[in-house]
file my_file-v3.cif (mmCIF, C-alpha atoms and all ligand atoms)
data_entry
#
loop_
_atom_site.group_PDB
_atom_site.id
_atom_site.type_symbol
_atom_site.label_atom_id
_atom_site.label_comp_id
_atom_site.auth_asym_id
_atom_site.auth_seq_id
_atom_site.Cartn_x
_atom_site.Cartn_y
_atom_site.Cartn_z
ATOM 1 C CA MET Y 92 13.717 -56.753 -50.966
ATOM 2 C CA GLU Y 93 16.191 -53.974 -50.374
ATOM 3 C CA TYR Y 94 13.870 -51.531 -52.111
ATOM 4 C CA ASN Y 95 10.954 -52.519 -49.809
ATOM 5 C CA ALA Y 96 13.054 -52.106 -46.648
ATOM 6 C CA LYS Y 97 14.048 -48.577 -47.643
ATOM 7 C CA ARG Y 98 10.468 -47.806 -48.524
ATOM 8 C CA ARG Y 99 9.223 -49.037 -45.145
ATOM 9 C CA GLY Y 100 11.864 -46.929 -43.406
ATOM 10 C CA PHE Y 101 10.808 -43.904 -45.383
ATOM 11 C CA ILE Y 102 7.120 -44.457 -44.592
ATOM 12 C CA LYS Y 103 7.879 -44.998 -40.894
ATOM 13 C CA GLY Y 104 9.947 -41.808 -40.743
ATOM 14 C CA ALA Y 105 7.309 -39.851 -42.595
ATOM 15 C CA GLY Y 106 4.631 -41.190 -40.231
ATOM 16 C CA THR Y 107 6.618 -40.064 -37.183
ATOM 17 C CA ALA Y 108 7.219 -36.619 -38.670
ATOM 18 C CA LEU Y 109 3.530 -36.312 -39.508
ATOM 19 C CA GLY Y 110 2.584 -37.303 -35.942
ATOM 20 C CA VAL Y 111 4.932 -34.698 -34.446
ATOM 21 C CA ALA Y 112 3.586 -32.035 -36.810
ATOM 22 C CA ALA Y 113 -0.008 -32.954 -35.942
ATOM 23 C CA ALA Y 114 0.745 -32.811 -32.202
ATOM 24 C CA ALA Y 115 2.429 -29.414 -32.574
ATOM 25 C CA GLY Y 116 -0.518 -28.186 -34.641
ATOM 26 C CA GLY Y 117 -2.894 -29.400 -31.934
ATOM 27 C CA VAL Y 118 -0.993 -27.495 -29.251
ATOM 28 C CA VAL Y 119 -1.022 -24.325 -31.365
ATOM 29 C CA ALA Y 120 -4.753 -24.743 -32.041
ATOM 30 C CA LEU Y 121 -5.525 -25.259 -28.329
ATOM 31 C CA TYR Y 122 -3.469 -22.195 -27.402
ATOM 32 C CA GLY Y 123 -5.331 -20.155 -30.028
ATOM 33 C CA MET Y 124 -8.695 -21.402 -28.718
ATOM 34 C CA LYS Y 125 -7.726 -20.538 -25.114
ATOM 35 C CA ARG Y 126 -6.708 -17.022 -26.164
ATOM 36 C CA THR Y 127 -10.046 -16.653 -27.934
ATOM 37 C CA TRP Y 128 -12.059 -17.770 -24.920
ATOM 38 C CA ASP Y 129 -10.133 -15.819 -22.283
ATOM 39 C CA PRO Y 130 -11.513 -12.325 -21.683
ATOM 40 C CA LEU Y 131 -9.246 -9.506 -22.755
ATOM 41 C CA PRO Y 132 -7.408 -7.932 -19.778
ATOM 42 C CA SER Y 133 -9.426 -4.748 -20.289
ATOM 43 C CA VAL Y 134 -12.675 -6.731 -20.170
ATOM 44 C CA ALA Y 135 -11.607 -8.631 -17.035
ATOM 45 C CA ALA Y 136 -10.648 -5.359 -15.352
ATOM 46 C CA ALA Y 137 -13.964 -3.779 -16.368
ATOM 47 C CA GLY Y 138 -15.803 -6.214 -14.083
ATOM 48 C CA ILE Y 139 -14.260 -4.583 -10.999
ATOM 49 C CA THR Y 140 -15.334 -1.125 -9.836
ATOM 50 C CA GLU Y 141 -13.669 0.572 -6.866
ATOM 51 C CA ILE Y 142 -15.718 3.278 -5.165
ATOM 52 C CA ASP Y 143 -14.719 5.629 -2.342
ATOM 53 C CA VAL Y 144 -17.936 5.686 -0.288
ATOM 54 C CA SER Y 145 -16.489 7.937 2.434
ATOM 55 C CA VAL Y 146 -17.618 10.966 0.381
ATOM 56 C CA LEU Y 147 -21.271 10.154 1.073
ATOM 57 C CA LYS Y 148 -23.202 11.954 3.818
ATOM 58 C CA PRO Y 149 -25.755 10.037 5.914
ATOM 59 C CA GLY Y 150 -28.922 9.522 3.855
ATOM 60 C CA GLU Y 151 -27.151 10.300 0.582
ATOM 61 C CA LEU Y 152 -27.431 8.036 -2.464
ATOM 62 C CA MET Y 153 -24.695 7.362 -5.001
ATOM 63 C CA ARG Y 154 -25.257 5.760 -8.396
ATOM 64 C CA SER Y 155 -22.729 3.440 -9.936
ATOM 65 C CA GLN Y 156 -22.628 0.515 -12.321
ATOM 66 C CA PHE Y 157 -21.695 -3.127 -12.103
ATOM 67 C CA ARG Y 158 -21.246 -5.045 -15.353
ATOM 68 C CA GLY Y 159 -23.583 -2.692 -17.163
ATOM 69 C CA LYS Y 160 -26.251 -2.768 -14.463
ATOM 70 C CA PRO Y 161 -27.173 0.261 -12.335
ATOM 71 C CA VAL Y 162 -26.150 0.088 -8.681
ATOM 72 C CA TYR Y 163 -27.383 2.188 -5.756
ATOM 73 C CA ILE Y 164 -25.165 2.863 -2.764
ATOM 74 C CA LEU Y 165 -27.073 4.462 0.106
ATOM 75 C CA LYS Y 166 -25.296 5.612 3.250
ATOM 76 C CA LYS Y 167 -27.698 4.839 6.046
ATOM 77 C CA SER Y 168 -28.729 7.601 8.402
ATOM 78 C CA ASP Y 169 -29.876 7.259 12.013
ATOM 79 C CA GLU Y 170 -33.516 7.313 10.916
ATOM 80 C CA MET Y 171 -33.016 4.158 8.823
ATOM 81 C CA GLN Y 172 -33.286 0.768 10.505
ATOM 82 C CA PRO Y 173 -30.008 -1.132 10.634
ATOM 83 C CA ASN Y 174 -30.237 -4.542 8.984
ATOM 84 C CA ASP Y 175 -27.420 -6.944 9.854
ATOM 85 C CA ALA Y 176 -28.511 -9.342 7.114
ATOM 86 C CA ARG Y 177 -28.131 -6.727 4.361
ATOM 87 C CA ASP Y 178 -26.035 -3.767 5.493
ATOM 88 C CA VAL Y 179 -22.524 -3.363 4.129
ATOM 89 C CA VAL Y 180 -20.313 -2.016 6.898
ATOM 90 C CA ILE Y 181 -17.369 0.107 5.817
ATOM 91 C CA ASP Y 182 -15.302 2.022 8.370
ATOM 92 C CA ASN Y 183 -18.092 1.597 10.975
ATOM 93 C CA GLU Y 184 -20.715 3.132 8.665
ATOM 94 C CA ARG Y 185 -23.653 1.214 7.230
ATOM 95 C CA TYR Y 186 -24.515 1.195 3.538
ATOM 96 C CA THR Y 187 -27.167 -0.383 1.373
ATOM 97 C CA VAL Y 188 -25.576 -1.652 -1.829
ATOM 98 C CA VAL Y 189 -28.036 -3.026 -4.386
ATOM 99 C CA ILE Y 190 -28.480 -3.580 -8.078
ATOM 100 C CA ALA Y 191 -31.077 -0.955 -8.982
ATOM 101 C CA ILE Y 192 -33.316 -3.294 -10.926
ATOM 102 C CA CYS Y 193 -36.754 -4.165 -9.592
ATOM 103 C CA THR Y 194 -37.129 -7.870 -8.875
ATOM 104 C CA HIS Y 195 -40.610 -7.845 -10.402
ATOM 105 C CA LEU Y 196 -40.107 -7.047 -14.090
ATOM 106 C CA GLY Y 197 -36.839 -5.157 -14.172
ATOM 107 C CA CYS Y 198 -37.704 -1.451 -13.960
ATOM 108 C CA ILE Y 199 -35.376 0.914 -12.124
ATOM 109 C CA PRO Y 200 -36.861 1.983 -8.789
ATOM 110 C CA ALA Y 201 -36.275 5.566 -7.700
ATOM 111 C CA TRP Y 202 -34.988 6.565 -4.272
ATOM 112 C CA ASN Y 203 -37.367 8.831 -2.409
ATOM 113 C CA SER Y 204 -35.479 10.551 0.398
ATOM 114 C CA SER Y 205 -38.596 12.121 1.908
ATOM 115 C CA ASN Y 206 -40.343 8.835 2.748
ATOM 116 C CA LEU Y 207 -37.177 6.713 2.803
ATOM 117 C CA GLN Y 208 -38.078 4.124 0.206
ATOM 118 C CA PHE Y 209 -37.190 2.885 -3.223
ATOM 119 C CA LYS Y 210 -40.323 3.123 -5.363
ATOM 120 C CA CYS Y 211 -40.817 1.346 -8.670
ATOM 121 C CA ALA Y 212 -42.994 3.422 -10.994
ATOM 122 C CA CYS Y 213 -43.933 0.462 -13.204
ATOM 123 C CA HIS Y 214 -46.329 -1.377 -10.877
ATOM 124 C CA GLY Y 215 -45.908 0.469 -7.602
ATOM 125 C CA GLY Y 216 -43.443 -1.883 -5.931
ATOM 126 C CA GLU Y 217 -41.739 -0.497 -2.836
ATOM 127 C CA PHE Y 218 -38.523 -1.357 -1.036
ATOM 128 C CA ASP Y 219 -37.266 -0.100 2.324
ATOM 129 C CA PRO Y 220 -33.845 1.594 2.756
ATOM 130 C CA SER Y 221 -32.231 -1.858 3.082
ATOM 131 C CA GLY Y 222 -33.693 -2.922 -0.273
ATOM 132 C CA LEU Y 223 -36.306 -5.252 1.246
ATOM 133 C CA HIS Y 224 -39.583 -5.449 -0.689
ATOM 134 C CA THR Y 225 -42.361 -4.000 1.448
ATOM 135 C CA PHE Y 226 -45.261 -3.486 -0.948
ATOM 136 C CA GLY Y 227 -46.566 -4.455 -4.384
ATOM 137 C CA PRO Y 228 -45.602 -7.208 -6.785
ATOM 138 C CA PRO Y 229 -41.796 -7.485 -6.308
ATOM 139 C CA PRO Y 230 -41.265 -11.081 -5.122
ATOM 140 C CA LYS Y 231 -37.938 -10.533 -3.392
ATOM 141 C CA PRO Y 232 -35.504 -7.883 -2.155
ATOM 142 C CA LEU Y 233 -33.211 -5.899 -4.415
ATOM 143 C CA VAL Y 234 -30.134 -7.953 -5.239
ATOM 144 C CA ILE Y 235 -26.823 -7.255 -3.515
ATOM 145 C CA PRO Y 236 -24.000 -7.422 -6.075
ATOM 146 C CA PRO Y 237 -20.744 -9.240 -5.275
ATOM 147 C CA PHE Y 238 -18.462 -6.868 -3.391
ATOM 148 C CA SER Y 239 -15.495 -6.654 -1.097
ATOM 149 C CA VAL Y 240 -14.251 -3.884 1.171
ATOM 150 C CA SER Y 241 -10.804 -2.352 0.872
ATOM 151 C CA GLY Y 242 -10.181 0.302 3.521
ATOM 152 C CA LYS Y 243 -12.842 2.993 2.917
ATOM 153 C CA LYS Y 244 -13.553 1.678 -0.554
ATOM 154 C CA LEU Y 245 -16.248 -0.586 -1.846
ATOM 155 C CA VAL Y 246 -15.008 -2.932 -4.561
ATOM 156 C CA LEU Y 247 -17.832 -4.145 -6.781
ATOM 157 C CA GLY Y 248 -17.183 -7.428 -8.582
ATOM 158 C CA GLU Y 249 -15.194 -9.231 -5.881
ATOM 159 C CA GLU Y 250 -16.710 -11.691 -3.417
ATOM 160 C CA GLY Y 251 -15.269 -10.571 -0.070
ATOM 161 C CA GLU Y 252 -15.979 -11.972 3.397
ATOM 162 C CA GLN Y 253 -18.905 -9.610 4.113
ATOM 163 C CA TYR Y 254 -20.547 -10.450 0.805
ATOM 164 C CA LYS Y 255 -20.249 -14.178 1.500
ATOM 165 C CA LYS Y 256 -21.887 -13.722 4.938
ATOM 166 C CA LEU Y 257 -24.743 -11.637 3.523
ATOM 167 C CA ALA Y 258 -25.249 -14.043 0.625
ATOM 168 C CA ALA Y 259 -25.381 -16.981 3.062
ATOM 169 C CA THR Y 260 -28.133 -15.323 5.144
ATOM 170 C CA ALA Y 261 -30.155 -14.040 2.172
HETATM 171 S S1 LIG Y 301 -41.220 -3.822 -12.332
HETATM 172 FE FE1 LIG Y 301 -41.152 -2.948 -10.360
HETATM 173 S S2 LIG Y 301 -43.106 -3.295 -9.551
HETATM 174 FE FE2 LIG Y 301 -43.186 -4.209 -11.514
#
call {"tool": "encode", "arguments": {"input": "my_file-v3.cif", "output": "structure tokens"}}
result
Amino acid sequence: MEYNAKRRGFIKGAGTALGVAAAAGGVVALYGMKRTWDPLPSVAAAGITEIDVSVLKPGELMRSQFRGKPVYILKKSDEMQPNDARDVVIDNERYTVVIAICTHLGCIPAWNSSNLQFKCACHGGEFDPSGLHTFGPPPKPLVIPPFSVSGKKLVLGEEGEQYKKLAATA
């Protein structure tokens, strides 16, 4: 009888220790999994691009990138129609900010400053200076990437107030 009582005590103690060890192991495993899934700080930072657009002259185009995709930033000139549903306003100047990928089959349209349009060489699609599709097979306008405005800088990768308004009207 005495032997059995000691044995039960030993088994109970061992069971508790095993449970604690398993719980601790679970916490360590979850922490390891979280660290694996979280993007590295360098990768998270790479999703944000800050661009000083004040260097652009009216009618001038700047090329950038957002998460590996080409982006066009066009400072609108007086000869280009303002478009409140698509223009990004920074320091009282209007800009077109679009992902430079045709919404038809993904070619990169070229900016033609002489006739003020983005032209896709693949199937002849055309977009106006605001990125609206005006001719050919593209089914919709060029996409505006998430952005915010910080002073005279455009911050690609953040959803600021202007972006939310434009996205809501698109
Ligand atoms: S991919 Fe641009 S028109 Fe077809």
call {"tool": "residues_near_ligand", "arguments": {"input": "my_file-v3.cif", "ligand": "ligand LIG 301 (chain Y)", "cutoff": "10 Å", "atoms": "all atoms listed in the file", "output": "JSON, numbers by chain"}}
result
{"Y": [192, 193, 194, 195, 196, 197, 198, 199, 200, 210, 211, 212, 213, 214, 215, 216, 217, 218, 224, 226, 227, 228, 229, 230]}
call {"tool": "resolve_selection", "arguments": {"input": "my_file-v3.cif", "expression": "the PyMOL selection byres (((chain Y and resi 156) around 12) and not hetatm)", "output": "short mmCIF file (atom, residue, chain, number, x, y, z; two decimals) with C-alpha atoms, in the frame of the given file"}}
result
data_model
loop_
_atom_site.label_atom_id
_atom_site.label_comp_id
_atom_site.auth_asym_id
_atom_site.auth_seq_id
_atom_site.Cartn_x
_atom_site.Cartn_y
_atom_site.Cartn_z
CA ALA Y 137 -13.96 -3.78 -16.37
CA GLY Y 138 -15.80 -6.21 -14.08
CA ILE Y 139 -14.26 -4.58 -11.00
CA THR Y 140 -15.33 -1.12 -9.84
CA GLU Y 141 -13.67 0.57 -6.87
CA ILE Y 142 -15.72 3.28 -5.16
CA MET Y 153 -24.70 7.36 -5.00
CA ARG Y 154 -25.26 5.76 -8.40
CA SER Y 155 -22.73 3.44 -9.94
CA PHE Y 157 -21.70 -3.13 -12.10
CA ARG Y 158 -21.25 -5.04 -15.35
CA GLY Y 159 -23.58 -2.69 -17.16
CA LYS Y 160 -26.25 -2.77 -14.46
CA PRO Y 161 -27.17 0.26 -12.34
CA VAL Y 162 -26.15 0.09 -8.68
CA TYR Y 163 -27.38 2.19 -5.76
CA ILE Y 164 -25.16 2.86 -2.76
CA VAL Y 188 -25.58 -1.65 -1.83
CA VAL Y 189 -28.04 -3.03 -4.39
CA ILE Y 190 -28.48 -3.58 -8.08
CA ALA Y 191 -31.08 -0.96 -8.98
CA ILE Y 192 -33.32 -3.29 -10.93
CA PRO Y 236 -24.00 -7.42 -6.08
CA VAL Y 246 -15.01 -2.93 -4.56
CA LEU Y 247 -17.83 -4.14 -6.78
CA GLY Y 248 -17.18 -7.43 -8.58
#
call {"tool": "closest_residue", "arguments": {"input": "my_file-v3.cif", "among": "Y:Ser168, Y:Ser239, Y:Ser204, Y:Ser145", "to": "Y:Asp182", "atoms": "only C-alpha atoms"}}
result
Y:Ser145
call {"tool": "closest_residue", "arguments": {"input": "my_file-v3.cif", "among": "Y:Ala258, Y:Ile181, Y:Leu152, Y:Ala176", "to": "Y:Leu223", "atoms": "all atoms listed in the file"}}
result
Y:Ala176
call {"tool": "atom_distance", "arguments": {"input": "my_file-v3.cif", "atom1": "atom CA of Y:Pro149", "atom2": "atom CA of Y:Ala259"}}
result
27.2 Å
call {"tool": "build_atoms", "arguments": {"input": "my_file-v3.cif", "residues": "stretch 233-258 of chain Y", "atoms": "N, CA and C atoms", "output": "compact mmCIF listing (two decimals), in the frame of the given file"}}
result
# COMPACT_ATOMS: atom_id res chain seq x y z
N LEU Y 233 -34.18 -6.30 -3.40
CA LEU Y 233 -33.21 -5.90 -4.42
C LEU Y 233 -31.94 -6.72 -4.20
N VAL Y 234 -31.29 -7.04 -5.29
CA VAL Y 234 -30.13 -7.95 -5.24
C VAL Y 234 -28.87 -7.20 -4.82
N ILE Y 235 -28.12 -7.81 -3.92
CA ILE Y 235 -26.82 -7.26 -3.52
C ILE Y 235 -25.76 -7.81 -4.47
N PRO Y 236 -25.03 -6.93 -5.14
CA PRO Y 236 -24.00 -7.42 -6.08
C PRO Y 236 -22.78 -7.94 -5.32
N PRO Y 237 -21.98 -8.80 -5.93
CA PRO Y 237 -20.74 -9.24 -5.28
C PRO Y 237 -19.86 -8.03 -4.97
N PHE Y 238 -19.30 -8.02 -3.76
CA PHE Y 238 -18.46 -6.87 -3.39
C PHE Y 238 -17.42 -7.32 -2.38
N SER Y 239 -16.43 -6.50 -2.21
CA SER Y 239 -15.50 -6.65 -1.10
C SER Y 239 -15.22 -5.25 -0.57
N VAL Y 240 -14.56 -5.18 0.57
CA VAL Y 240 -14.25 -3.88 1.17
C VAL Y 240 -12.74 -3.75 1.26
N SER Y 241 -12.23 -2.61 0.81
CA SER Y 241 -10.80 -2.35 0.87
C SER Y 241 -10.60 -0.99 1.51
N GLY Y 242 -10.30 -0.97 2.80
CA GLY Y 242 -10.18 0.30 3.52
C GLY Y 242 -11.53 1.00 3.54
N LYS Y 243 -11.58 2.24 2.97
CA LYS Y 243 -12.84 2.99 2.92
C LYS Y 243 -13.52 2.82 1.57
N LYS Y 244 -13.01 1.86 0.80
CA LYS Y 244 -13.55 1.68 -0.55
C LYS Y 244 -14.38 0.42 -0.67
N LEU Y 245 -15.41 0.55 -1.48
CA LEU Y 245 -16.25 -0.59 -1.85
C LEU Y 245 -15.74 -1.08 -3.19
N VAL Y 246 -15.49 -2.37 -3.30
CA VAL Y 246 -15.01 -2.93 -4.56
C VAL Y 246 -16.10 -3.83 -5.13
N LEU Y 247 -16.78 -3.36 -6.16
CA LEU Y 247 -17.83 -4.14 -6.78
C LEU Y 247 -17.20 -5.17 -7.73
N GLY Y 248 -17.69 -6.40 -7.67
CA GLY Y 248 -17.18 -7.43 -8.58
C GLY Y 248 -16.30 -8.46 -7.91
N GLU Y 249 -15.99 -8.25 -6.62
CA GLU Y 249 -15.19 -9.23 -5.88
C GLU Y 249 -16.03 -9.79 -4.74
N GLU Y 250 -15.94 -11.08 -4.51
CA GLU Y 250 -16.71 -11.69 -3.42
C GLU Y 250 -15.87 -11.72 -2.14
N GLY Y 251 -16.00 -10.66 -1.33
CA GLY Y 251 -15.27 -10.57 -0.07
C GLY Y 251 -16.00 -11.30 1.04
N GLU Y 252 -15.42 -11.25 2.25
CA GLU Y 252 -15.98 -11.97 3.40
C GLU Y 252 -17.38 -11.48 3.75
N GLN Y 253 -17.57 -10.14 3.77
CA GLN Y 253 -18.90 -9.61 4.11
C GLN Y 253 -19.95 -10.08 3.11
N TYR Y 254 -19.59 -10.03 1.84
CA TYR Y 254 -20.55 -10.45 0.80
C TYR Y 254 -20.95 -11.91 1.03
N LYS Y 255 -19.96 -12.74 1.31
CA LYS Y 255 -20.25 -14.18 1.50
C LYS Y 255 -21.20 -14.39 2.68
N LYS Y 256 -20.99 -13.60 3.76
CA LYS Y 256 -21.89 -13.72 4.94
C LYS Y 256 -23.30 -13.28 4.58
N LEU Y 257 -23.42 -12.13 3.88
CA LEU Y 257 -24.74 -11.64 3.52
C LEU Y 257 -25.43 -12.60 2.55
N ALA Y 258 -24.67 -13.12 1.60
CA ALA Y 258 -25.25 -14.04 0.62
C ALA Y 258 -25.73 -15.33 1.31
